[in-house]
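Dropping work18.cif in here (mmCIF, N, CA and C atoms):
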```cif
data_query
loop_
_atom_site.label_atom_id
_atom_site.label_comp_id
_atom_site.auth_asym_id
_atom_site.auth_seq_id
_atom_site.Cartn_x
_atom_site.Cartn_y
_atom_site.Cartn_z
N MET A 1058 0.84 -1.17 0.00
CA MET A 1058 0.00 0.00 0.00
C MET A 1058 0.89 1.24 0.00
N MET A 1059 0.58 2.18 -0.88
CA MET A 1059 1.38 3.40 -0.98
C MET A 1059 0.97 4.38 0.12
N LYS A 1060 2.00 4.98 0.71
CA LYS A 1060 1.78 6.00 1.74
C LYS A 1060 2.52 7.26 1.32
N VAL A 1061 2.25 8.35 2.06
CA VAL A 1061 2.87 9.63 1.76
C VAL A 1061 3.51 10.18 3.04
N LYS A 1062 4.71 10.72 2.90
CA LYS A 1062 5.42 11.37 4.00
C LYS A 1062 5.84 12.75 3.51
N ILE A 1063 5.61 13.77 4.33
CA ILE A 1063 6.03 15.13 3.98
C ILE A 1063 7.11 15.56 4.96
N LEU A 1064 8.24 15.98 4.42
CA LEU A 1064 9.34 16.45 5.25
C LEU A 1064 9.69 17.88 4.87
N LYS A 1065 10.22 18.59 5.83
CA LYS A 1065 10.61 19.98 5.64
C LYS A 1065 12.14 20.05 5.78
N ILE A 1066 12.81 20.56 4.76
CA ILE A 1066 14.26 20.74 4.79
C ILE A 1066 14.52 22.23 4.89
N ARG A 1067 14.78 22.67 6.10
CA ARG A 1067 15.01 24.10 6.33
C ARG A 1067 16.39 24.49 5.83
N LEU A 1068 16.50 25.68 5.26
CA LEU A 1068 17.76 26.14 4.68
C LEU A 1068 18.68 26.79 5.69
N SER A 1069 18.17 27.09 6.86
CA SER A 1069 18.97 27.69 7.91
C SER A 1069 20.08 26.72 8.32
N GLU A 1070 21.29 27.22 8.44
CA GLU A 1070 22.45 26.40 8.80
C GLU A 1070 22.21 25.55 10.05
N GLU A 1071 21.52 26.12 11.04
CA GLU A 1071 21.35 25.40 12.30
C GLU A 1071 20.43 24.19 12.17
N PHE A 1072 19.57 24.14 11.14
CA PHE A 1072 18.63 23.04 10.98
C PHE A 1072 18.92 22.15 9.78
N GLN A 1073 19.62 22.67 8.80
CA GLN A 1073 19.78 21.97 7.53
C GLN A 1073 20.38 20.57 7.70
N ASN A 1074 21.45 20.43 8.45
CA ASN A 1074 22.09 19.14 8.63
C ASN A 1074 21.15 18.14 9.28
N HIS A 1075 20.46 18.56 10.34
CA HIS A 1075 19.51 17.69 11.03
C HIS A 1075 18.40 17.24 10.09
N ASP A 1076 17.82 18.19 9.35
CA ASP A 1076 16.72 17.87 8.44
C ASP A 1076 17.17 16.94 7.32
N GLU A 1077 18.37 17.18 6.81
CA GLU A 1077 18.90 16.33 5.74
C GLU A 1077 19.15 14.91 6.25
N GLN A 1078 19.66 14.77 7.48
CA GLN A 1078 19.86 13.45 8.07
C GLN A 1078 18.53 12.72 8.25
N GLN A 1079 17.51 13.45 8.67
CA GLN A 1079 16.18 12.87 8.85
C GLN A 1079 15.66 12.34 7.50
N LEU A 1080 15.83 13.13 6.45
CA LEU A 1080 15.40 12.72 5.12
C LEU A 1080 16.17 11.47 4.68
N ASN A 1081 17.49 11.48 4.82
CA ASN A 1081 18.30 10.34 4.41
C ASN A 1081 17.94 9.07 5.18
N ARG A 1082 17.70 9.20 6.46
CA ARG A 1082 17.30 8.05 7.28
C ARG A 1082 15.97 7.47 6.77
N PHE A 1083 15.02 8.34 6.48
CA PHE A 1083 13.73 7.88 5.96
C PHE A 1083 13.92 7.17 4.62
N LEU A 1084 14.73 7.75 3.73
CA LEU A 1084 14.95 7.16 2.41
C LEU A 1084 15.63 5.80 2.49
N ARG A 1085 16.53 5.63 3.45
CA ARG A 1085 17.20 4.34 3.63
C ARG A 1085 16.23 3.26 4.11
N GLN A 1086 15.21 3.66 4.84
CA GLN A 1086 14.33 2.69 5.48
C GLN A 1086 13.06 2.37 4.69
N HIS A 1087 12.86 3.01 3.55
CA HIS A 1087 11.63 2.81 2.80
C HIS A 1087 11.91 2.68 1.31
N GLU A 1088 11.05 1.95 0.63
CA GLU A 1088 11.12 1.84 -0.81
C GLU A 1088 10.35 3.01 -1.40
N VAL A 1089 11.07 3.97 -1.94
CA VAL A 1089 10.47 5.19 -2.45
C VAL A 1089 9.91 4.93 -3.85
N ILE A 1090 8.68 5.37 -4.05
CA ILE A 1090 8.04 5.26 -5.36
C ILE A 1090 8.24 6.54 -6.15
N LYS A 1091 8.09 7.67 -5.48
CA LYS A 1091 8.21 8.96 -6.15
C LYS A 1091 8.52 10.03 -5.11
N ILE A 1092 9.27 11.06 -5.53
CA ILE A 1092 9.55 12.21 -4.67
C ILE A 1092 9.23 13.47 -5.46
N THR A 1093 8.54 14.38 -4.81
CA THR A 1093 8.35 15.71 -5.38
C THR A 1093 8.79 16.72 -4.33
N SER A 1094 9.20 17.87 -4.79
CA SER A 1094 9.64 18.88 -3.83
C SER A 1094 9.32 20.27 -4.38
N SER A 1095 9.21 21.19 -3.45
CA SER A 1095 8.96 22.58 -3.80
C SER A 1095 9.72 23.47 -2.85
N MET A 1096 10.25 24.55 -3.39
CA MET A 1096 10.89 25.56 -2.55
C MET A 1096 9.78 26.45 -2.01
N ILE A 1097 9.73 26.61 -0.70
CA ILE A 1097 8.73 27.45 -0.06
C ILE A 1097 9.44 28.71 0.43
N ASN A 1098 9.01 29.85 -0.07
CA ASN A 1098 9.59 31.12 0.33
C ASN A 1098 8.59 31.86 1.22
N GLY A 1099 9.07 32.39 2.29
CA GLY A 1099 8.23 33.12 3.23
C GLY A 1099 9.08 33.63 4.36
N SER A 1100 8.54 33.65 5.55
CA SER A 1100 9.34 34.09 6.70
C SER A 1100 10.50 33.12 6.94
N GLU A 1101 10.31 31.86 6.54
CA GLU A 1101 11.37 30.86 6.62
C GLU A 1101 11.42 30.14 5.28
N ASN A 1102 12.58 30.15 4.64
CA ASN A 1102 12.73 29.46 3.36
C ASN A 1102 13.07 27.99 3.63
N PHE A 1103 12.39 27.07 2.92
CA PHE A 1103 12.66 25.65 3.11
C PHE A 1103 12.16 24.87 1.90
N TRP A 1104 12.67 23.64 1.77
CA TRP A 1104 12.19 22.70 0.77
C TRP A 1104 11.10 21.87 1.43
N SER A 1105 9.98 21.76 0.77
CA SER A 1105 8.93 20.84 1.18
C SER A 1105 9.10 19.59 0.32
N VAL A 1106 9.32 18.45 0.95
CA VAL A 1106 9.59 17.21 0.23
C VAL A 1106 8.43 16.25 0.48
N ILE A 1107 7.79 15.82 -0.59
CA ILE A 1107 6.69 14.87 -0.49
C ILE A 1107 7.20 13.54 -1.03
N ILE A 1108 7.16 12.52 -0.18
CA ILE A 1108 7.69 11.21 -0.53
C ILE A 1108 6.53 10.22 -0.58
N TYR A 1109 6.38 9.56 -1.71
CA TYR A 1109 5.41 8.49 -1.86
C TYR A 1109 6.20 7.19 -1.72
N TYR A 1110 5.77 6.34 -0.81
CA TYR A 1110 6.56 5.15 -0.54
C TYR A 1110 5.67 3.93 -0.32
N ASP A 1111 6.29 2.77 -0.40
CA ASP A 1111 5.61 1.49 -0.23
C ASP A 1111 5.64 1.11 1.24
N GLU A 1112 4.47 0.98 1.84
CA GLU A 1112 4.37 0.65 3.26
C GLU A 1112 4.89 -0.75 3.57
N GLU A 1113 4.77 -1.66 2.62
CA GLU A 1113 5.11 -3.05 2.89
C GLU A 1113 6.56 -3.39 2.60
N TYR A 1114 7.37 -2.40 2.34
CA TYR A 1114 8.79 -2.63 2.08
C TYR A 1114 9.46 -3.11 3.36
N PRO A 1115 10.42 -4.04 3.29
CA PRO A 1115 11.07 -4.53 4.51
C PRO A 1115 11.75 -3.41 5.29
N THR A 1116 11.82 -3.57 6.58
CA THR A 1116 12.52 -2.58 7.39
C THR A 1116 14.00 -2.65 7.10
N VAL A 1117 14.73 -1.67 7.56
CA VAL A 1117 16.17 -1.59 7.30
C VAL A 1117 16.90 -2.84 7.80
N HIS A 1118 16.41 -3.48 8.83
CA HIS A 1118 17.07 -4.68 9.37
C HIS A 1118 16.84 -5.91 8.50
N GLU A 1119 15.78 -5.89 7.70
CA GLU A 1119 15.47 -7.04 6.86
C GLU A 1119 16.06 -6.92 5.46
N LYS A 1120 16.53 -5.75 5.09
CA LYS A 1120 17.07 -5.54 3.76
C LYS A 1120 18.36 -6.33 3.58
N LYS A 1121 18.59 -6.75 2.32
CA LYS A 1121 19.87 -7.40 2.06
C LYS A 1121 20.96 -6.34 2.13
N ASN A 1122 22.15 -6.78 2.43
CA ASN A 1122 23.26 -5.83 2.48
C ASN A 1122 23.53 -5.32 1.08
N LYS A 1123 23.61 -4.03 0.98
CA LYS A 1123 23.87 -3.40 -0.31
C LYS A 1123 25.29 -2.88 -0.33
N TYR A 1124 25.82 -2.74 -1.53
CA TYR A 1124 27.19 -2.27 -1.69
C TYR A 1124 27.30 -0.79 -1.39
N THR A 1125 28.30 -0.45 -0.62
CA THR A 1125 28.65 0.95 -0.41
C THR A 1125 30.17 1.04 -0.40
N ALA A 1126 30.70 1.97 -1.16
CA ALA A 1126 32.15 2.09 -1.31
C ALA A 1126 32.78 2.64 -0.04
N ASP A 1127 33.98 2.18 0.23
CA ASP A 1127 34.78 2.70 1.34
C ASP A 1127 35.45 3.98 0.86
N SER A 1128 35.05 5.10 1.43
CA SER A 1128 35.58 6.39 0.97
C SER A 1128 37.04 6.59 1.35
N GLU A 1129 37.60 5.72 2.16
CA GLU A 1129 39.02 5.82 2.54
C GLU A 1129 39.94 5.23 1.47
N LEU A 1130 39.39 4.33 0.65
CA LEU A 1130 40.23 3.69 -0.37
C LEU A 1130 40.46 4.63 -1.55
N PRO A 1131 41.68 4.66 -2.07
CA PRO A 1131 41.97 5.56 -3.20
C PRO A 1131 41.26 5.08 -4.48
N LEU A 1132 41.01 6.02 -5.37
CA LEU A 1132 40.38 5.72 -6.65
C LEU A 1132 41.46 5.53 -7.71
N ASN A 1133 41.25 4.58 -8.62
CA ASN A 1133 42.16 4.47 -9.77
C ASN A 1133 41.74 5.49 -10.81
N SER A 1134 42.49 5.63 -11.88
CA SER A 1134 42.23 6.69 -12.86
C SER A 1134 40.86 6.54 -13.53
N ASP A 1135 40.43 5.30 -13.81
CA ASP A 1135 39.10 5.08 -14.40
C ASP A 1135 38.00 5.50 -13.44
N GLU A 1136 38.17 5.18 -12.17
CA GLU A 1136 37.17 5.53 -11.17
C GLU A 1136 37.07 7.05 -10.99
N VAL A 1137 38.19 7.74 -11.08
CA VAL A 1137 38.19 9.20 -11.00
C VAL A 1137 37.40 9.79 -12.17
N LYS A 1138 37.62 9.26 -13.39
CA LYS A 1138 36.89 9.73 -14.57
C LYS A 1138 35.39 9.49 -14.40
N ILE A 1139 35.04 8.31 -13.93
CA ILE A 1139 33.64 7.97 -13.73
C ILE A 1139 33.01 8.90 -12.70
N LEU A 1140 33.68 9.08 -11.57
CA LEU A 1140 33.14 9.92 -10.50
C LEU A 1140 32.98 11.37 -10.97
N ASP A 1141 33.95 11.89 -11.69
CA ASP A 1141 33.85 13.25 -12.21
C ASP A 1141 32.67 13.39 -13.18
N SER A 1142 32.50 12.41 -14.05
CA SER A 1142 31.39 12.43 -15.00
C SER A 1142 30.05 12.32 -14.28
N LEU A 1143 29.98 11.46 -13.28
CA LEU A 1143 28.74 11.30 -12.51
C LEU A 1143 28.38 12.59 -11.77
N ARG A 1144 29.37 13.24 -11.20
CA ARG A 1144 29.10 14.50 -10.49
C ARG A 1144 28.60 15.58 -11.44
N LEU A 1145 29.22 15.68 -12.60
CA LEU A 1145 28.79 16.65 -13.59
C LEU A 1145 27.35 16.36 -14.03
N TRP A 1146 27.07 15.09 -14.33
CA TRP A 1146 25.71 14.69 -14.71
C TRP A 1146 24.71 15.02 -13.61
N ARG A 1147 25.04 14.66 -12.36
CA ARG A 1147 24.14 14.90 -11.23
C ARG A 1147 23.85 16.39 -11.06
N ASN A 1148 24.89 17.21 -11.15
CA ASN A 1148 24.70 18.65 -10.96
C ASN A 1148 23.83 19.26 -12.07
N GLU A 1149 24.02 18.79 -13.30
CA GLU A 1149 23.19 19.27 -14.41
C GLU A 1149 21.74 18.81 -14.23
N LYS A 1150 21.55 17.55 -13.82
CA LYS A 1150 20.21 17.00 -13.60
C LYS A 1150 19.51 17.76 -12.47
N ALA A 1151 20.22 18.04 -11.40
CA ALA A 1151 19.63 18.78 -10.27
C ALA A 1151 19.22 20.18 -10.69
N LYS A 1152 20.05 20.81 -11.50
CA LYS A 1152 19.73 22.16 -11.98
C LYS A 1152 18.49 22.13 -12.87
N GLN A 1153 18.41 21.13 -13.76
CA GLN A 1153 17.25 20.99 -14.65
C GLN A 1153 15.96 20.78 -13.84
N GLN A 1154 16.05 20.00 -12.78
CA GLN A 1154 14.87 19.64 -11.99
C GLN A 1154 14.65 20.58 -10.81
N ASN A 1155 15.52 21.58 -10.69
CA ASN A 1155 15.43 22.55 -9.59
C ASN A 1155 15.41 21.85 -8.23
N LEU A 1156 16.36 20.92 -8.05
CA LEU A 1156 16.48 20.15 -6.82
C LEU A 1156 17.89 20.28 -6.28
N PRO A 1157 18.06 20.10 -4.98
CA PRO A 1157 19.43 19.99 -4.45
C PRO A 1157 20.09 18.74 -5.06
N SER A 1158 21.37 18.80 -5.31
CA SER A 1158 22.05 17.69 -5.98
C SER A 1158 21.96 16.38 -5.20
N TYR A 1159 21.91 16.44 -3.87
CA TYR A 1159 21.86 15.20 -3.10
C TYR A 1159 20.51 14.49 -3.23
N PHE A 1160 19.48 15.17 -3.78
CA PHE A 1160 18.21 14.50 -4.05
C PHE A 1160 18.39 13.53 -5.23
N ILE A 1161 19.25 13.87 -6.15
CA ILE A 1161 19.50 13.02 -7.32
C ILE A 1161 20.36 11.83 -6.87
N ALA A 1162 21.48 12.10 -6.23
CA ALA A 1162 22.36 11.06 -5.70
C ALA A 1162 23.37 11.73 -4.77
N THR A 1163 23.66 11.08 -3.67
CA THR A 1163 24.64 11.62 -2.74
C THR A 1163 26.05 11.35 -3.25
N ASN A 1164 27.04 12.03 -2.69
CA ASN A 1164 28.44 11.78 -3.06
C ASN A 1164 28.81 10.32 -2.81
N LYS A 1165 28.34 9.76 -1.71
CA LYS A 1165 28.64 8.36 -1.37
C LYS A 1165 28.04 7.41 -2.41
N GLU A 1166 26.83 7.72 -2.88
CA GLU A 1166 26.21 6.88 -3.90
C GLU A 1166 26.99 6.95 -5.22
N LEU A 1167 27.43 8.14 -5.59
CA LEU A 1167 28.22 8.29 -6.82
C LEU A 1167 29.55 7.56 -6.70
N LEU A 1168 30.18 7.66 -5.54
CA LEU A 1168 31.43 6.94 -5.31
C LEU A 1168 31.20 5.43 -5.41
N SER A 1169 30.10 4.96 -4.86
CA SER A 1169 29.78 3.53 -4.92
C SER A 1169 29.56 3.07 -6.35
N ILE A 1170 28.92 3.90 -7.17
CA ILE A 1170 28.73 3.56 -8.59
C ILE A 1170 30.08 3.49 -9.29
N ALA A 1171 30.95 4.46 -9.01
CA ALA A 1171 32.27 4.49 -9.65
C ALA A 1171 33.09 3.25 -9.29
N LYS A 1172 32.96 2.78 -8.06
CA LYS A 1172 33.71 1.59 -7.63
C LYS A 1172 33.06 0.29 -8.11
N TYR A 1173 31.73 0.21 -8.03
CA TYR A 1173 30.99 -1.01 -8.35
C TYR A 1173 30.88 -1.23 -9.86
N LYS A 1174 30.75 -0.14 -10.60
CA LYS A 1174 30.65 -0.15 -12.07
C LYS A 1174 29.55 -1.09 -12.58
N PRO A 1175 28.29 -0.81 -12.24
CA PRO A 1175 27.21 -1.67 -12.73
C PRO A 1175 27.13 -1.62 -14.26
N ALA A 1176 26.84 -2.75 -14.86
CA ALA A 1176 26.75 -2.83 -16.32
C ALA A 1176 25.31 -2.75 -16.80
N LYS A 1177 24.35 -3.02 -15.91
CA LYS A 1177 22.93 -2.98 -16.26
C LYS A 1177 22.19 -2.13 -15.24
N LYS A 1178 21.11 -1.55 -15.70
CA LYS A 1178 20.28 -0.70 -14.84
C LYS A 1178 19.87 -1.45 -13.56
N GLU A 1179 19.51 -2.71 -13.70
CA GLU A 1179 19.05 -3.51 -12.56
C GLU A 1179 20.12 -3.67 -11.48
N GLN A 1180 21.39 -3.62 -11.87
CA GLN A 1180 22.48 -3.77 -10.91
C GLN A 1180 22.61 -2.57 -10.00
N LEU A 1181 22.01 -1.45 -10.36
CA LEU A 1181 22.03 -0.28 -9.47
C LEU A 1181 21.32 -0.58 -8.16
N SER A 1182 20.38 -1.53 -8.17
CA SER A 1182 19.67 -1.88 -6.94
C SER A 1182 20.61 -2.54 -5.91
N ASP A 1183 21.78 -2.98 -6.34
CA ASP A 1183 22.77 -3.56 -5.42
C ASP A 1183 23.51 -2.48 -4.64
N ILE A 1184 23.36 -1.22 -5.04
CA ILE A 1184 24.09 -0.12 -4.41
C ILE A 1184 23.21 0.54 -3.37
N LYS A 1185 23.76 0.74 -2.20
CA LYS A 1185 23.03 1.37 -1.11
C LYS A 1185 22.58 2.76 -1.53
N GLY A 1186 21.29 3.04 -1.33
CA GLY A 1186 20.72 4.33 -1.68
C GLY A 1186 19.95 4.32 -2.98
N PHE A 1187 20.07 3.23 -3.76
CA PHE A 1187 19.36 3.15 -5.03
C PHE A 1187 18.18 2.21 -4.91
N GLY A 1188 17.01 2.82 -4.87
CA GLY A 1188 15.75 2.08 -4.86
C GLY A 1188 15.07 2.24 -6.20
N ARG A 1189 13.84 1.81 -6.24
CA ARG A 1189 13.06 1.82 -7.47
C ARG A 1189 12.97 3.22 -8.09
N HIS A 1190 12.74 4.24 -7.28
CA HIS A 1190 12.58 5.61 -7.79
C HIS A 1190 13.84 6.08 -8.53
N LYS A 1191 14.98 5.98 -7.90
CA LYS A 1191 16.21 6.45 -8.54
C LYS A 1191 16.55 5.63 -9.78
N ILE A 1192 16.32 4.34 -9.69
CA ILE A 1192 16.64 3.48 -10.84
C ILE A 1192 15.73 3.80 -12.02
N GLU A 1193 14.43 3.95 -11.76
CA GLU A 1193 13.49 4.27 -12.84
C GLU A 1193 13.78 5.64 -13.45
N ASN A 1194 14.11 6.61 -12.61
CA ASN A 1194 14.30 7.98 -13.10
C ASN A 1194 15.68 8.24 -13.68
N TYR A 1195 16.71 7.59 -13.16
CA TYR A 1195 18.07 7.93 -13.56
C TYR A 1195 18.91 6.74 -14.04
N GLY A 1196 18.40 5.54 -13.90
CA GLY A 1196 19.19 4.34 -14.19
C GLY A 1196 19.77 4.28 -15.58
N MET A 1197 18.93 4.49 -16.58
CA MET A 1197 19.41 4.40 -17.97
C MET A 1197 20.46 5.47 -18.27
N GLU A 1198 20.27 6.66 -17.72
CA GLU A 1198 21.26 7.73 -17.95
C GLU A 1198 22.59 7.37 -17.30
N ILE A 1199 22.54 6.82 -16.09
CA ILE A 1199 23.77 6.44 -15.39
C ILE A 1199 24.50 5.34 -16.14
N ILE A 1200 23.77 4.31 -16.55
CA ILE A 1200 24.40 3.21 -17.29
C ILE A 1200 24.96 3.71 -18.63
N GLY A 1201 24.22 4.58 -19.30
CA GLY A 1201 24.70 5.17 -20.54
C GLY A 1201 25.98 5.95 -20.34
N LEU A 1202 26.03 6.69 -19.25
CA LEU A 1202 27.22 7.46 -18.93
C LEU A 1202 28.41 6.52 -18.68
N LEU A 1203 28.17 5.45 -17.92
CA LEU A 1203 29.24 4.49 -17.63
C LEU A 1203 29.74 3.80 -18.90
N GLU A 1204 28.84 3.53 -19.82
CA GLU A 1204 29.24 2.87 -21.09
C GLU A 1204 30.10 3.77 -21.95
N ASN A 1205 29.95 5.09 -21.80
CA ASN A 1205 30.69 6.04 -22.64
C ASN A 1205 32.01 6.51 -22.04
N ILE A 1206 32.38 5.96 -20.90
CA ILE A 1206 33.64 6.38 -20.27
C ILE A 1206 34.70 5.33 -20.53
#
```
Could you spell out this file's structure in structure tokens?
Amino acid sequence: MMKVKILKIRLSEEFQNHDEQQLNRFLRQHEVIKITSSMINGSENFWSVIIYYDEEYPTVHEKKNKYTADSELPLNSDEVKILDSLRLWRNEKAKQQNLPSYFIATNKELLSIAKYKPAKKEQLSDIKGFGRHKIENYGMEIIGLLENI
């Protein structure tokens, strides 16, 4: 059954980190179907994030272990090229969609893609942070980008 969650990401420095962590925690624990967001301007500027998610998705403890890259390990030259290309793509996509870049993919997710090097869109589901929503919306572009590097 699909449910809806609304989160507020305040732009104020004192709240932004906390709100972003809350959003990331929610995204890790649920299978996201769709995300929409709007910038709300007023006495307090913030992003209103509406998340449509699957209620019956397994909890974080029941999920299979997904790949996440160790950010301490050095990158080889191919991985650096991939990561640079992914960052450029993500920033352009975020600008087109008027979203913060971490809504498209976090730095850790991009690093994991660069290290894991999925060959098919479906393999993105093996990477921590990539659920149905990101794969459906960005999977083919990411795989296309990887094929051209």
Exercise. Looking only at the backbone, which of the residues in chain A does DSSP tag as helix (DSSP H, G or I), as a VMD selection string?
Worked result: chain A and resid 1070 to 1086 1134 to 1154 1158 to 1161 1164 to 1173 1178 to 1183 1189 to 1204
For this session: Enter the distance from atom N of Leu1084 (chain A) to atom C of Lys1060 (chain A), in Å, rounded to one decimal.
Result: 12.5 Å
Exercise. Between atom N of Ser1095 (chain A) and atom N of Arg1067 (chain A), what is the spacing in Å?
Worked result: 11.2 Å
Problem set entry | Selected residue of minimal separation from Thr1093 (chain A) among A:Gln1154, A:Thr1125, A:Leu1130, A:Asp1111, counting only C-alpha atoms |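 Closest to Thr1093 (chain A), using only C-alpha atoms: A:Gln1154.
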For this session: Anything within 6.5 Å of (24.0, 16.0, -6.2): list those residues as a VMD selection string, counting only N, CA and C atoms and sticking to the file's coordinates.
Result: chain A and resid 1147 to 1148 1157 to 1164
Quick check on the file I pasted: which residues fall under the PyMOL selection byres ((chain A and resi 1165) around 8)? Write them as a PDB file with N, CA and C atoms, in the frame of the given file.
```
ATOM      1  N   THR A1125      28.300  -0.450  -0.620  1.00  0.00           N
ATOM      2  CA  THR A1125      28.650   0.950  -0.410  1.00  0.00           C
ATOM      3  C   THR A1125      30.170   1.040  -0.400  1.00  0.00           C
ATOM      4  N   ALA A1126      30.700   1.970  -1.160  1.00  0.00           N
ATOM      5  CA  ALA A1126      32.150   2.090  -1.310  1.00  0.00           C
ATOM      6  C   ALA A1126      32.780   2.640  -0.040  1.00  0.00           C
ATOM      7  N   SER A1128      35.050   5.100   1.430  1.00  0.00           N
ATOM      8  CA  SER A1128      35.580   6.390   0.970  1.00  0.00           C
ATOM      9  C   SER A1128      37.040   6.590   1.350  1.00  0.00           C
ATOM     10  N   ALA A1162      21.480  12.100  -6.230  1.00  0.00           N
ATOM     11  CA  ALA A1162      22.360  11.060  -5.700  1.00  0.00           C
ATOM     12  C   ALA A1162      23.370  11.730  -4.770  1.00  0.00           C
ATOM     13  N   THR A1163      23.660  11.080  -3.670  1.00  0.00           N
ATOM     14  CA  THR A1163      24.640  11.620  -2.740  1.00  0.00           C
ATOM     15  C   THR A1163      26.050  11.350  -3.250  1.00  0.00           C
ATOM     16  N   ASN A1164      27.040  12.030  -2.690  1.00  0.00           N
ATOM     17  CA  ASN A1164      28.440  11.780  -3.060  1.00  0.00           C
ATOM     18  C   ASN A1164      28.810  10.320  -2.810  1.00  0.00           C
ATOM     19  N   GLU A1166      26.830   7.720  -2.880  1.00  0.00           N
ATOM     20  CA  GLU A1166      26.210   6.880  -3.900  1.00  0.00           C
ATOM     21  C   GLU A1166      26.990   6.950  -5.220  1.00  0.00           C
ATOM     22  N   LEU A1167      27.430   8.140  -5.590  1.00  0.00           N
ATOM     23  CA  LEU A1167      28.220   8.290  -6.820  1.00  0.00           C
ATOM     24  C   LEU A1167      29.550   7.560  -6.700  1.00  0.00           C
ATOM     25  N   LEU A1168      30.180   7.660  -5.540  1.00  0.00           N
ATOM     26  CA  LEU A1168      31.430   6.940  -5.310  1.00  0.00           C
ATOM     27  C   LEU A1168      31.200   5.430  -5.410  1.00  0.00           C
ATOM     28  N   SER A1169      30.100   4.960  -4.860  1.00  0.00           N
ATOM     29  CA  SER A1169      29.780   3.530  -4.920  1.00  0.00           C
ATOM     30  C   SER A1169      29.560   3.070  -6.350  1.00  0.00           C
ATOM     31  N   ILE A1170      28.920   3.900  -7.170  1.00  0.00           N
ATOM     32  CA  ILE A1170      28.730   3.560  -8.590  1.00  0.00           C
ATOM     33  C   ILE A1170      30.080   3.490  -9.290  1.00  0.00           C
ATOM     34  N   ALA A1171      30.950   4.460  -9.010  1.00  0.00           N
ATOM     35  CA  ALA A1171      32.270   4.490  -9.650  1.00  0.00           C
ATOM     36  C   ALA A1171      33.090   3.250  -9.290  1.00  0.00           C
ATOM     37  N   LYS A1185      23.760   0.740  -2.200  1.00  0.00           N
ATOM     38  CA  LYS A1185      23.030   1.370  -1.110  1.00  0.00           C
ATOM     39  C   LYS A1185      22.580   2.760  -1.530  1.00  0.00           C
ATOM     40  N   GLY A1186      21.290   3.040  -1.330  1.00  0.00           N
ATOM     41  CA  GLY A1186      20.720   4.330  -1.680  1.00  0.00           C
ATOM     42  C   GLY A1186      19.950   4.320  -2.980  1.00  0.00           C
TER      43      GLY A1186
END
```
Taking 2 positions as the minimum chain separation for residues in the same chain, which residues sit within 8 Å of Leu1064 (chain A) when counting only C-alpha atoms? Answer as a PDB file with N, CA and C atoms, in the coordinates of the input.
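Saved the output as part37.pdb:
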```pdb
ATOM      1  N   LYS A1062       4.710  10.720   2.900  1.00  0.00           N
ATOM      2  CA  LYS A1062       5.420  11.370   4.000  1.00  0.00           C
ATOM      3  C   LYS A1062       5.840  12.750   3.510  1.00  0.00           C
ATOM      4  N   ILE A1066      12.810  20.560   4.760  1.00  0.00           N
ATOM      5  CA  ILE A1066      14.260  20.740   4.790  1.00  0.00           C
ATOM      6  C   ILE A1066      14.520  22.230   4.890  1.00  0.00           C
ATOM      7  N   LEU A1080      15.830  13.130   6.450  1.00  0.00           N
ATOM      8  CA  LEU A1080      15.400  12.720   5.120  1.00  0.00           C
ATOM      9  C   LEU A1080      16.170  11.470   4.680  1.00  0.00           C
ATOM     10  N   SER A1105       9.980  21.760   0.770  1.00  0.00           N
ATOM     11  CA  SER A1105       8.930  20.840   1.180  1.00  0.00           C
ATOM     12  C   SER A1105       9.100  19.590   0.320  1.00  0.00           C
ATOM     13  N   VAL A1106       9.320  18.450   0.950  1.00  0.00           N
ATOM     14  CA  VAL A1106       9.590  17.210   0.230  1.00  0.00           C
ATOM     15  C   VAL A1106       8.430  16.250   0.480  1.00  0.00           C
ATOM     16  N   ILE A1107       7.790  15.820  -0.590  1.00  0.00           N
ATOM     17  CA  ILE A1107       6.690  14.870  -0.490  1.00  0.00           C
ATOM     18  C   ILE A1107       7.200  13.540  -1.030  1.00  0.00           C
ATOM     19  N   ILE A1108       7.160  12.520  -0.180  1.00  0.00           N
ATOM     20  CA  ILE A1108       7.690  11.210  -0.530  1.00  0.00           C
ATOM     21  C   ILE A1108       6.530  10.220  -0.580  1.00  0.00           C
TER      22      ILE A1108
END
```
Exercise. Interatomic distance between CA of Gln1079 (chain A) and CA of Ala1151 (chain A)?
Worked result: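 So the two atoms, CA of Gln1079 (chain A) and CA of Ala1151 (chain A), lie 20.3 Å apart.
The shortest atom-to-atom distance to Ile1090 (chain A), with all atoms listed in the file taken into account, belongs to A:Tyr1109 out of A:Ile1206, A:Gln1078, A:Tyr1109, A:Tyr1173.
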Exercise. Residues at most 6.5 Å from Arg1189 (chain A), counting only N, CA and C atoms, excluding those fewer than 2 positions away in the same chain, as a PyMOL selection string?
Worked result: chain A and resi 1088-1090+1187+1191-1194
For this session: Select from chain A everything DSSP, run on the backbone, classes as strand (DSSP E or B), then give the selection as a PyMOL selection string.
Result: chain A and resi 1059-1067+1088-1097+1103-1111+1124+1184
For this session: List every protein, DNA or RNA residue with an atom no more than 7 Å from (25.9, 0.0, -16.4) in the file's coordinates, counting all atoms listed in the file, and format the result as an NGL selection string.
Result: :A and (1174-1178 or 1199-1201 or 1203-1204)
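Checking A:Tyr1110, A:Asp1135, A:Leu1156, A:Glu1198 one by one against Met1059 (chain A), counting only C-alpha atoms, you find the shortest gap at A:Tyr1110.
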For this session: Determine the nearest neighbour of Asn1122 (chain A) from the options A:Leu1145, A:Val1061, A:Ile1097, A:Ile1184, counting only C-alpha atoms.
Result: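 Closest candidate: A:Ile1184.
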